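Chemist: Dropping in run30.cif, with mmCIF, C-alpha atoms and all ligand atoms.
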```
data_structure
#
loop_
_atom_site.label_atom_id
_atom_site.label_comp_id
_atom_site.auth_asym_id
_atom_site.auth_seq_id
_atom_site.Cartn_x
_atom_site.Cartn_y
_atom_site.Cartn_z
CA MET A 1 23.93 -119.48 -33.14
CA ILE A 2 25.73 -121.74 -30.67
CA ILE A 3 24.55 -125.23 -29.77
CA ALA A 4 26.43 -127.14 -27.07
CA PHE A 5 26.33 -130.82 -26.21
CA VAL A 6 26.91 -131.01 -22.49
CA GLN A 7 26.86 -133.69 -19.83
CA THR A 8 29.29 -133.92 -16.94
CA LYS A 9 29.10 -137.69 -17.22
CA GLY A 10 31.35 -139.22 -19.89
CA GLY A 11 30.22 -141.71 -22.49
CA THR A 12 26.65 -140.48 -22.91
CA GLY A 13 26.92 -139.76 -26.64
CA LYS A 14 27.90 -136.06 -26.70
CA SER A 15 30.65 -136.34 -29.32
CA THR A 16 28.67 -138.82 -31.44
CA LEU A 17 25.65 -136.51 -31.48
CA ALA A 18 27.68 -133.33 -31.99
CA LEU A 19 29.51 -134.57 -35.06
CA ASN A 20 26.59 -136.35 -36.71
CA THR A 21 24.04 -133.57 -36.20
CA ALA A 22 26.61 -131.16 -37.72
CA PHE A 23 26.60 -133.31 -40.87
CA SER A 24 22.84 -133.89 -40.94
CA LYS A 25 20.93 -132.67 -43.97
CA THR A 26 18.50 -130.81 -41.74
CA ILE A 27 21.17 -128.73 -40.06
CA ARG A 28 23.15 -128.16 -43.28
CA ASN A 29 20.02 -126.92 -45.06
CA VAL A 30 19.38 -124.30 -42.41
CA PHE A 31 22.93 -123.12 -41.73
CA PRO A 32 25.17 -122.17 -44.66
CA SER A 33 28.34 -122.41 -42.57
CA ILE A 34 28.90 -124.71 -39.62
CA CYS A 35 31.88 -125.18 -37.35
CA LEU A 36 32.23 -128.18 -35.11
CA VAL A 37 34.19 -126.99 -32.10
CA GLU A 38 35.85 -129.34 -29.68
CA LEU A 39 36.59 -127.97 -26.22
CA ASP A 40 37.96 -131.28 -25.01
CA GLN A 41 41.70 -131.31 -24.31
CA GLN A 42 41.75 -135.04 -25.02
CA GLY A 43 40.92 -134.23 -28.61
CA THR A 44 38.73 -137.21 -29.52
CA LEU A 45 37.15 -135.33 -32.40
CA ARG A 46 40.44 -133.79 -33.49
CA LYS A 47 41.86 -137.30 -33.96
CA TRP A 48 38.73 -138.29 -35.85
CA TRP A 49 38.85 -135.17 -38.04
CA ARG A 50 42.51 -135.80 -38.93
CA ARG A 51 41.57 -139.23 -40.22
CA ARG A 52 38.99 -137.76 -42.54
CA ASP A 53 39.61 -137.80 -46.28
CA PRO A 54 40.86 -134.30 -47.16
CA ASN A 55 39.40 -134.70 -50.65
CA ASN A 56 35.91 -135.07 -49.31
CA SER A 57 34.35 -131.89 -50.60
CA ALA A 58 30.76 -133.02 -50.09
CA TYR A 59 30.69 -131.10 -46.84
CA GLY A 60 32.44 -127.91 -47.84
CA ASN A 61 30.40 -125.82 -45.43
CA ILE A 62 31.48 -127.73 -42.33
CA GLY A 63 34.71 -126.89 -40.59
CA PHE A 64 36.40 -128.14 -37.47
CA TYR A 65 38.20 -126.27 -34.73
CA HIS A 66 39.88 -127.57 -31.62
CA ILE A 67 40.28 -125.36 -28.56
CA SER A 68 42.91 -126.64 -26.18
CA SER A 69 43.17 -123.60 -23.91
CA ASP A 70 41.70 -123.77 -20.43
CA ASN A 71 41.79 -120.01 -20.02
CA LYS A 72 38.28 -118.59 -20.04
CA ASP A 73 39.14 -115.32 -21.79
CA GLU A 74 41.17 -117.08 -24.46
CA ILE A 75 38.38 -119.56 -25.14
CA LEU A 76 35.82 -116.77 -25.34
CA GLU A 77 37.99 -114.90 -27.82
CA GLU A 78 38.32 -117.96 -30.02
CA ILE A 79 34.59 -118.65 -29.87
CA GLU A 80 33.77 -115.05 -30.79
CA ALA A 81 36.12 -115.17 -33.77
CA LEU A 82 34.51 -118.44 -34.94
CA GLU A 83 31.03 -116.94 -34.49
CA GLU A 84 31.89 -114.15 -36.89
CA LYS A 85 32.77 -116.64 -39.62
CA ASN A 86 30.07 -119.26 -39.05
CA GLU A 87 26.27 -119.26 -38.84
CA LEU A 88 26.35 -122.17 -36.44
CA LEU A 89 28.84 -123.42 -33.88
CA ILE A 90 28.34 -126.89 -32.44
CA LEU A 91 30.33 -127.30 -29.24
CA ASP A 92 31.50 -130.68 -28.02
CA VAL A 93 32.28 -130.38 -24.34
CA PRO A 94 34.25 -132.91 -22.24
CA GLY A 95 32.82 -134.99 -19.42
CA GLU A 96 33.52 -134.23 -15.80
CA SER A 97 36.86 -136.00 -15.49
CA VAL A 98 38.59 -133.26 -17.49
CA GLY A 99 37.09 -130.42 -15.47
CA LYS A 100 33.79 -128.70 -14.97
CA PHE A 101 35.01 -125.38 -16.30
CA HIS A 102 34.18 -126.14 -19.93
CA THR A 103 30.69 -127.26 -19.02
CA LYS A 104 30.00 -124.01 -17.15
CA PHE A 105 31.41 -122.02 -20.00
CA ALA A 106 29.38 -123.84 -22.66
CA CYS A 107 26.15 -123.61 -20.64
CA ALA A 108 26.64 -119.85 -20.29
CA VAL A 109 27.61 -119.11 -23.87
CA ALA A 110 25.28 -121.40 -25.86
CA ASP A 111 21.88 -120.44 -27.23
CA MET A 112 20.85 -124.05 -26.84
CA VAL A 113 22.28 -126.68 -24.51
CA LEU A 114 21.57 -130.30 -25.34
CA ILE A 115 22.05 -132.86 -22.60
CA PRO A 116 22.19 -136.52 -23.65
CA MET A 117 20.98 -138.59 -20.72
CA ARG A 118 19.80 -142.08 -19.95
CA THR A 119 16.63 -142.97 -18.05
CA SER A 120 18.50 -144.27 -15.05
CA THR A 121 18.77 -143.20 -11.42
CA ASN A 122 22.54 -143.34 -11.85
CA ASP A 123 22.47 -140.67 -14.57
CA GLU A 124 19.87 -138.68 -12.66
CA GLU A 125 22.01 -138.56 -9.54
CA ALA A 126 25.11 -137.56 -11.46
CA PHE A 127 23.06 -134.87 -13.18
CA GLU A 128 21.70 -133.51 -9.90
CA ASP A 129 25.15 -133.41 -8.33
CA ASN A 130 27.08 -131.87 -11.20
CA LEU A 131 25.10 -130.26 -14.00
CA LEU A 132 21.94 -129.11 -12.28
CA PRO A 133 23.70 -126.65 -9.91
CA ILE A 134 25.40 -125.03 -12.92
CA ILE A 135 22.10 -124.68 -14.78
CA LYS A 136 20.31 -123.35 -11.69
CA ARG A 137 22.87 -120.59 -11.28
CA ILE A 138 22.51 -119.56 -14.92
CA ILE A 139 18.70 -119.48 -14.66
CA GLU A 140 18.90 -117.38 -11.49
CA VAL A 141 21.00 -114.76 -13.21
CA ASP A 142 19.15 -114.83 -16.51
CA LYS A 143 15.52 -115.94 -16.42
CA GLU A 144 15.36 -115.90 -20.22
CA SER A 145 17.65 -118.89 -20.36
CA ARG A 146 14.71 -121.01 -19.22
CA ASP A 147 14.29 -122.12 -22.81
CA VAL A 148 17.90 -123.10 -23.41
CA PHE A 149 18.23 -126.51 -21.76
CA TYR A 150 17.03 -129.73 -23.40
CA ILE A 151 17.53 -133.36 -22.46
CA ILE A 152 18.05 -135.80 -25.32
CA PRO A 153 17.06 -139.23 -24.01
CA SER A 154 20.09 -141.29 -24.98
CA PHE A 155 20.93 -144.97 -25.37
CA THR A 156 17.23 -145.75 -25.22
CA HIS A 157 16.04 -149.22 -26.19
CA PRO A 158 15.15 -149.18 -29.90
CA LEU A 159 11.68 -150.54 -29.11
CA ALA A 160 11.03 -148.39 -26.04
CA ASN A 161 7.87 -146.32 -25.90
CA ARG A 162 8.96 -142.73 -26.59
CA GLN A 163 6.03 -141.11 -24.84
CA ASN A 164 6.93 -142.99 -21.64
CA ILE A 165 10.50 -141.75 -21.91
CA PHE A 166 9.39 -138.14 -22.45
CA SER A 167 7.02 -138.23 -19.50
CA TYR A 168 9.73 -139.82 -17.34
CA PHE A 169 11.99 -136.81 -17.93
CA LYS A 170 9.10 -134.40 -17.52
CA ASP A 171 8.45 -135.92 -14.10
CA VAL A 172 12.03 -135.96 -12.82
CA MET A 173 13.27 -132.65 -14.27
CA PRO A 174 12.57 -129.10 -13.10
CA ASP A 175 10.27 -127.15 -15.44
CA TYR A 176 13.16 -125.12 -16.94
CA ILE A 177 14.80 -128.26 -18.31
CA HIS A 178 12.83 -129.51 -21.29
CA CYS A 179 12.99 -132.83 -23.05
CA LEU A 180 13.59 -132.83 -26.80
CA ASN A 181 10.82 -134.59 -28.70
CA ALA A 182 13.27 -137.14 -30.12
CA VAL A 183 15.45 -139.93 -28.77
CA PHE A 184 18.96 -141.21 -29.42
CA SER A 185 18.59 -144.96 -29.22
CA PHE A 186 21.23 -147.58 -28.56
CA GLY A 187 22.67 -149.08 -31.71
CA SER A 188 25.91 -150.84 -32.64
CA VAL A 189 26.17 -148.64 -35.74
CA PHE A 190 27.06 -145.73 -33.44
CA GLU A 191 30.00 -147.72 -32.13
CA ASN A 192 31.31 -148.48 -35.62
CA PHE A 193 30.66 -145.59 -37.97
CA SER A 194 33.66 -143.40 -37.12
CA ARG A 195 36.46 -145.63 -38.38
CA GLY A 196 38.69 -143.90 -40.89
CA GLY A 197 37.21 -140.54 -39.96
CA ASN A 198 33.78 -141.33 -41.38
CA ASN A 199 30.60 -139.70 -40.25
CA LEU A 200 27.42 -141.75 -40.03
CA PHE A 201 26.35 -140.71 -43.53
CA GLU A 202 29.64 -141.72 -45.15
CA TYR A 203 29.73 -144.97 -43.20
CA THR A 204 26.21 -145.88 -44.33
CA ARG A 205 27.15 -145.30 -47.99
CA SER A 206 30.28 -147.42 -47.51
CA VAL A 207 28.28 -150.47 -46.34
CA LYS A 208 25.76 -150.34 -49.17
CA SER A 209 26.61 -153.87 -50.28
CA ASN A 210 25.78 -155.31 -46.85
CA SER A 211 22.02 -155.02 -46.58
CA LYS A 212 21.88 -155.56 -42.82
CA LEU A 213 24.48 -152.90 -42.00
CA HIS A 214 23.01 -150.58 -44.61
CA GLU A 215 19.55 -150.83 -43.06
CA GLN A 216 21.01 -150.14 -39.61
CA GLY A 217 22.83 -147.11 -40.98
CA LYS A 218 19.71 -145.75 -42.65
CA LYS A 219 17.71 -146.14 -39.45
CA ALA A 220 20.42 -144.33 -37.50
CA ILE A 221 20.49 -141.52 -40.08
CA ASN A 222 16.75 -141.19 -39.77
CA GLU A 223 17.09 -140.83 -36.03
CA ILE A 224 19.83 -138.18 -36.30
CA GLU A 225 17.70 -136.22 -38.78
CA LEU A 226 14.72 -136.38 -36.40
CA ILE A 227 16.90 -135.04 -33.59
CA ALA A 228 18.16 -132.28 -35.90
CA LYS A 229 14.60 -131.38 -36.94
CA GLU A 230 13.57 -131.00 -33.31
CA ILE A 231 16.64 -128.84 -32.66
CA ILE A 232 15.59 -126.57 -35.53
CA LYS A 233 11.99 -126.53 -34.33
CA VAL A 234 12.72 -125.38 -30.78
CA ARG A 235 15.69 -123.10 -31.47
N1 LIG B 1 23.50 -144.44 -29.59
C1 LIG B 1 24.57 -145.17 -29.28
N2 LIG B 1 24.47 -146.52 -29.17
C2 LIG B 1 25.54 -147.27 -28.85
N3 LIG B 1 26.76 -146.78 -28.63
C3 LIG B 1 26.94 -145.45 -28.71
C4 LIG B 1 25.86 -144.58 -29.03
N4 LIG B 1 26.36 -143.31 -29.05
C5 LIG B 1 27.66 -143.39 -28.77
N5 LIG B 1 28.02 -144.67 -28.56
C6 LIG B 1 29.36 -145.15 -28.19
O1 LIG B 1 29.53 -144.85 -26.81
C7 LIG B 1 30.84 -144.35 -26.57
C8 LIG B 1 30.76 -142.94 -25.99
O2 LIG B 1 30.19 -142.07 -26.93
P1 LIG B 1 30.68 -140.57 -27.06
O3 LIG B 1 29.85 -139.93 -28.10
O4 LIG B 1 32.16 -140.51 -27.23
O5 LIG B 1 30.27 -140.02 -25.61
P2 LIG B 1 30.78 -138.71 -24.84
O6 LIG B 1 31.26 -137.74 -25.85
O7 LIG B 1 29.57 -138.25 -24.11
O8 LIG B 1 31.85 -139.18 -23.90
C9 LIG B 1 31.57 -144.41 -27.89
O9 LIG B 1 32.31 -145.59 -27.92
C10 LIG B 1 30.46 -144.43 -28.94
O10 LIG B 1 30.86 -145.11 -30.08
MG MG B 2 33.13 -136.72 -25.97
#
```
Would you write out, as structure tokens, the structure that this file holds?
Ligand SMILES: Nc1ncnc2c1ncn2[C@@H]1O[C@H](COP(=O)(O)OP(=O)(O)O)[C@@H](O)[C@H]1O
Ligand SMILES: [Mg+2]
Modeler:
Amino acid sequence: MIIAFVQTKGGTGKSTLALNTAFSKTIRNVFPSICLVELDQQGTLRKWWRRRDPNNSAYGNIGFYHISSDNKDEILEEIEALEEKNELLILDVPGESVGKFHTKFACAVADMVLIPMRTSTNDEEAFEDNLLPIIKRIIEVDKESRDVFYIIPSFTHPLANRQNIFSYFKDVMPDYIHCLNAVFSFGSVFENFSRGGNNLFEYTRSVKSNSKLHEQGKKAINEIELIAKEIIKVR
């Protein structure tokens, strides 16, 4: 199976969600082998992965692969080879500034496309201009892909009413773009966890002696697991 985190707008949480859902208990329990695949030439995740402790064997079933090519056939070949060796590929796709090619590619190849997006007219307009035309074309060619595209409401206020957020997206989105029944809320822990190549789970263990940070970490983990559970439910 291939899951892609896609959004032509940068800084919406794609990489943060891609790496932390890959390490979530929920996803690891379902998929015996997982590969986190970065299609971003900037290599944000590659830098993060290199900082990781090579002795960390707790996540033996999770690998990382960086694809730097911008040749469609080469990328497809690499993805197919990875698919043979892994039950799940999680693709992290760059924002628009690097080029829309990767987004198109990921939308076409993935079994599930997750789109982190804020409840703002700014994000909506960017979505309509950039991502929506790509999705429309895919749906036109293949009607079955109507159940592939899911918004993840991102950077939501921690106290916001979830039902209001879900109905907001239901109202503004075409019927072939669903909204995941989970949110990715704003939290400083998501700005801090990745130092030293940590994932959210490792970070939270490392701040055990600081009760405030530890609580924040546990809450964030809970949220990531809820997102992962919804991904498993609708896949
Ligand atoms: N839920 C969140 N709350 C607060 N900050 C976040 C959250 N998710 C990500 N961030 C921060 O926002 C920035 C962009 O996130 P990132 O995952 O790299 O986005 P993208 O991959 O879409 O460009 C990073 O600095 C990250 O630490
Ligand atoms: Mg990114």
Chemist: Go through A:Leu200, A:Ala160, A:Leu17, A:Leu91 one by one, measure the shortest atom-to-atom distance of each to Ala220 in chain A using all atoms listed in the file, and give the residue with the smallest value.
Modeler: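 Of A:Leu200, A:Ala160, A:Leu17, A:Leu91, the one nearest Ala220 in chain A is A:Leu200, counting all atoms listed in the file.
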Chemist: Could you check which of A:Thr44, A:Ser33, A:Asn86, A:Ser120 is closest to ligand MG 2 (chain B), using only C-alpha atoms and all ligand atoms?
Modeler: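 Using only C-alpha atoms and all ligand atoms, ligand MG 2 (chain B) sits closest to A:Thr44.
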Chemist: Just the residues within 9 Å of range 208-213 of chain A, please, counting all atoms listed in the file, with nothing from its chain fewer than 5 positions along; format it as number ranges by chain.
Modeler: A: 189, 203, 218
Chemist: Can you build me a table of chain A residues sitting at most 9 Å from ligand LIG 1 (chain B), with the closest atom pair per residue and its distance in Å to one decimal, using all atoms listed in the file, sorted by chain and residue number, as JSON lines?
Modeler:
```
{"residue": "A:Phe5", "atom": "CA", "partner": "B:LIG1", "partner_atom": "O7", "distance": 8.4}
{"residue": "A:Val6", "atom": "CA", "partner": "B:LIG1", "partner_atom": "O7", "distance": 7.9}
{"residue": "A:Gln7", "atom": "CA", "partner": "B:LIG1", "partner_atom": "O7", "distance": 6.8}
{"residue": "A:Thr8", "atom": "CA", "partner": "B:LIG1", "partner_atom": "O7", "distance": 8.4}
{"residue": "A:Lys9", "atom": "CA", "partner": "B:LIG1", "partner_atom": "O7", "distance": 6.9}
{"residue": "A:Gly10", "atom": "CA", "partner": "B:LIG1", "partner_atom": "O8", "distance": 4.0}
{"residue": "A:Gly11", "atom": "CA", "partner": "B:LIG1", "partner_atom": "O8", "distance": 3.3}
{"residue": "A:Thr12", "atom": "CA", "partner": "B:LIG1", "partner_atom": "O7", "distance": 3.9}
{"residue": "A:Gly13", "atom": "CA", "partner": "B:LIG1", "partner_atom": "O3", "distance": 3.3}
{"residue": "A:Lys14", "atom": "CA", "partner": "B:LIG1", "partner_atom": "O7", "distance": 3.8}
{"residue": "A:Ser15", "atom": "CA", "partner": "B:LIG1", "partner_atom": "O6", "distance": 3.8}
{"residue": "A:Thr16", "atom": "CA", "partner": "B:LIG1", "partner_atom": "O3", "distance": 3.7}
{"residue": "A:Leu17", "atom": "CA", "partner": "B:LIG1", "partner_atom": "O3", "distance": 6.4}
{"residue": "A:Ala18", "atom": "CA", "partner": "B:LIG1", "partner_atom": "O3", "distance": 8.0}
{"residue": "A:Leu19", "atom": "CA", "partner": "B:LIG1", "partner_atom": "O3", "distance": 8.8}
{"residue": "A:Thr44", "atom": "CA", "partner": "B:LIG1", "partner_atom": "O4", "distance": 7.7}
{"residue": "A:Leu45", "atom": "CA", "partner": "B:LIG1", "partner_atom": "O4", "distance": 8.9}
{"residue": "A:Asp92", "atom": "CA", "partner": "B:LIG1", "partner_atom": "O6", "distance": 7.4}
{"residue": "A:Val93", "atom": "CA", "partner": "B:LIG1", "partner_atom": "O6", "distance": 7.6}
{"residue": "A:Pro94", "atom": "CA", "partner": "B:LIG1", "partner_atom": "O6", "distance": 6.7}
{"residue": "A:Gly95", "atom": "CA", "partner": "B:LIG1", "partner_atom": "O8", "distance": 6.2}
{"residue": "A:Pro116", "atom": "CA", "partner": "B:LIG1", "partner_atom": "O7", "distance": 7.6}
{"residue": "A:Ser154", "atom": "CA", "partner": "B:LIG1", "partner_atom": "N1", "distance": 6.5}
{"residue": "A:Phe155", "atom": "CA", "partner": "B:LIG1", "partner_atom": "N1", "distance": 5.0}
{"residue": "A:Thr156", "atom": "CA", "partner": "B:LIG1", "partner_atom": "N1", "distance": 7.8}
{"residue": "A:Phe184", "atom": "CA", "partner": "B:LIG1", "partner_atom": "N1", "distance": 5.6}
{"residue": "A:Ser185", "atom": "CA", "partner": "B:LIG1", "partner_atom": "N1", "distance": 5.0}
{"residue": "A:Phe186", "atom": "CA", "partner": "B:LIG1", "partner_atom": "N2", "distance": 3.5}
{"residue": "A:Gly187", "atom": "CA", "partner": "B:LIG1", "partner_atom": "N2", "distance": 4.0}
{"residue": "A:Ser188", "atom": "CA", "partner": "B:LIG1", "partner_atom": "C2", "distance": 5.2}
{"residue": "A:Val189", "atom": "CA", "partner": "B:LIG1", "partner_atom": "C2", "distance": 7.1}
{"residue": "A:Phe190", "atom": "CA", "partner": "B:LIG1", "partner_atom": "C4", "distance": 4.7}
{"residue": "A:Glu191", "atom": "CA", "partner": "B:LIG1", "partner_atom": "O10", "distance": 3.4}
{"residue": "A:Asn192", "atom": "CA", "partner": "B:LIG1", "partner_atom": "O10", "distance": 6.5}
{"residue": "A:Phe193", "atom": "CA", "partner": "B:LIG1", "partner_atom": "O10", "distance": 7.9}
{"residue": "A:Ser194", "atom": "CA", "partner": "B:LIG1", "partner_atom": "O10", "distance": 7.8}
{"residue": "A:Ala220", "atom": "CA", "partner": "B:LIG1", "partner_atom": "N1", "distance": 8.5}
```
Chemist: For a test of reading the model, state the distance in Å between CA of Asp70 in chain A and CA of Met1 in chain A, rounded to one decimal.
Modeler: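 Interatomic distance here is 22.3 Å.
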Chemist: Mind giving me the straight-line distance from CA of Gln163 in chain A to CA of Asn181 in chain A in Å, one decimal?
Modeler: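 Going from CA of Gln163 in chain A over to CA of Asn181 in chain A, I get 9.0 Å.
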Chemist: Given 5 Å of margin on each side, can you work out the centre and size in Å (one decimal) of an axis-aligned box holding every listed atom of range 153-157 of chain A, as AutoDock Vina command-line options?
Modeler:
```
--center_x 18.5 --center_y -144.2 --center_z -25.1 --size_x 14.9 --size_y 20.0 --size_z 12.2
```
Chemist: For Ile90 in chain A, which of A:Asn222, A:Asn20, A:Asn199, A:Ser167 is the closest residue, counting only C-alpha atoms?
Modeler: A:Asn20
Chemist: Between CA of Gly43 in chain A and CA of Leu132 in chain A, measure the distance and give it in Å to one decimal.
Modeler: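 Between CA of Gly43 in chain A and CA of Leu132 in chain A the gap is 25.6 Å.
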Chemist: Please identify all polymer residues lying at most 12 Å from the point (42.7, -133.2, -21.1) (file coordinates), using all atoms listed in the file, and present the result as a list in words.
Modeler: Glu38, Leu39, Asp40, Gln41, Gln42, Gly43, Thr44, Ile67, Ser68, Ser69, Asp70, Val93, Pro94, Gly95, Glu96, Ser97, Val98, Gly99, Lys100, Phe101 and His102 of chain A
Chemist: How about saving the chosen residues, C-alpha atoms kept, as a PDB file, in the coordinates of the input?
Modeler:
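Dumped to result_36.pdb:
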```
ATOM      1  CA  GLU A  38      35.850-129.340 -29.680  1.00  0.00           C
ATOM      2  CA  LEU A  39      36.590-127.970 -26.220  1.00  0.00           C
ATOM      3  CA  ASP A  40      37.960-131.280 -25.010  1.00  0.00           C
ATOM      4  CA  GLN A  41      41.700-131.310 -24.310  1.00  0.00           C
ATOM      5  CA  GLN A  42      41.750-135.040 -25.020  1.00  0.00           C
ATOM      6  CA  GLY A  43      40.920-134.230 -28.610  1.00  0.00           C
ATOM      7  CA  THR A  44      38.730-137.210 -29.520  1.00  0.00           C
ATOM      8  CA  ILE A  67      40.280-125.360 -28.560  1.00  0.00           C
ATOM      9  CA  SER A  68      42.910-126.640 -26.180  1.00  0.00           C
ATOM     10  CA  SER A  69      43.170-123.600 -23.910  1.00  0.00           C
ATOM     11  CA  ASP A  70      41.700-123.770 -20.430  1.00  0.00           C
ATOM     12  CA  VAL A  93      32.280-130.380 -24.340  1.00  0.00           C
ATOM     13  CA  PRO A  94      34.250-132.910 -22.240  1.00  0.00           C
ATOM     14  CA  GLY A  95      32.820-134.990 -19.420  1.00  0.00           C
ATOM     15  CA  GLU A  96      33.520-134.230 -15.800  1.00  0.00           C
ATOM     16  CA  SER A  97      36.860-136.000 -15.490  1.00  0.00           C
ATOM     17  CA  VAL A  98      38.590-133.260 -17.490  1.00  0.00           C
ATOM     18  CA  GLY A  99      37.090-130.420 -15.470  1.00  0.00           C
ATOM     19  CA  LYS A 100      33.790-128.700 -14.970  1.00  0.00           C
ATOM     20  CA  PHE A 101      35.010-125.380 -16.300  1.00  0.00           C
ATOM     21  CA  HIS A 102      34.180-126.140 -19.930  1.00  0.00           C
TER      22      HIS A 102
END
```
Chemist: Of the residues A:Arg46, A:Lys229, A:Tyr59, A:Pro54, which is the one nearest to Pro32 in chain A, using all atoms listed in the file?
Modeler: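 Smallest distance to Pro32 in chain A is found for A:Tyr59.
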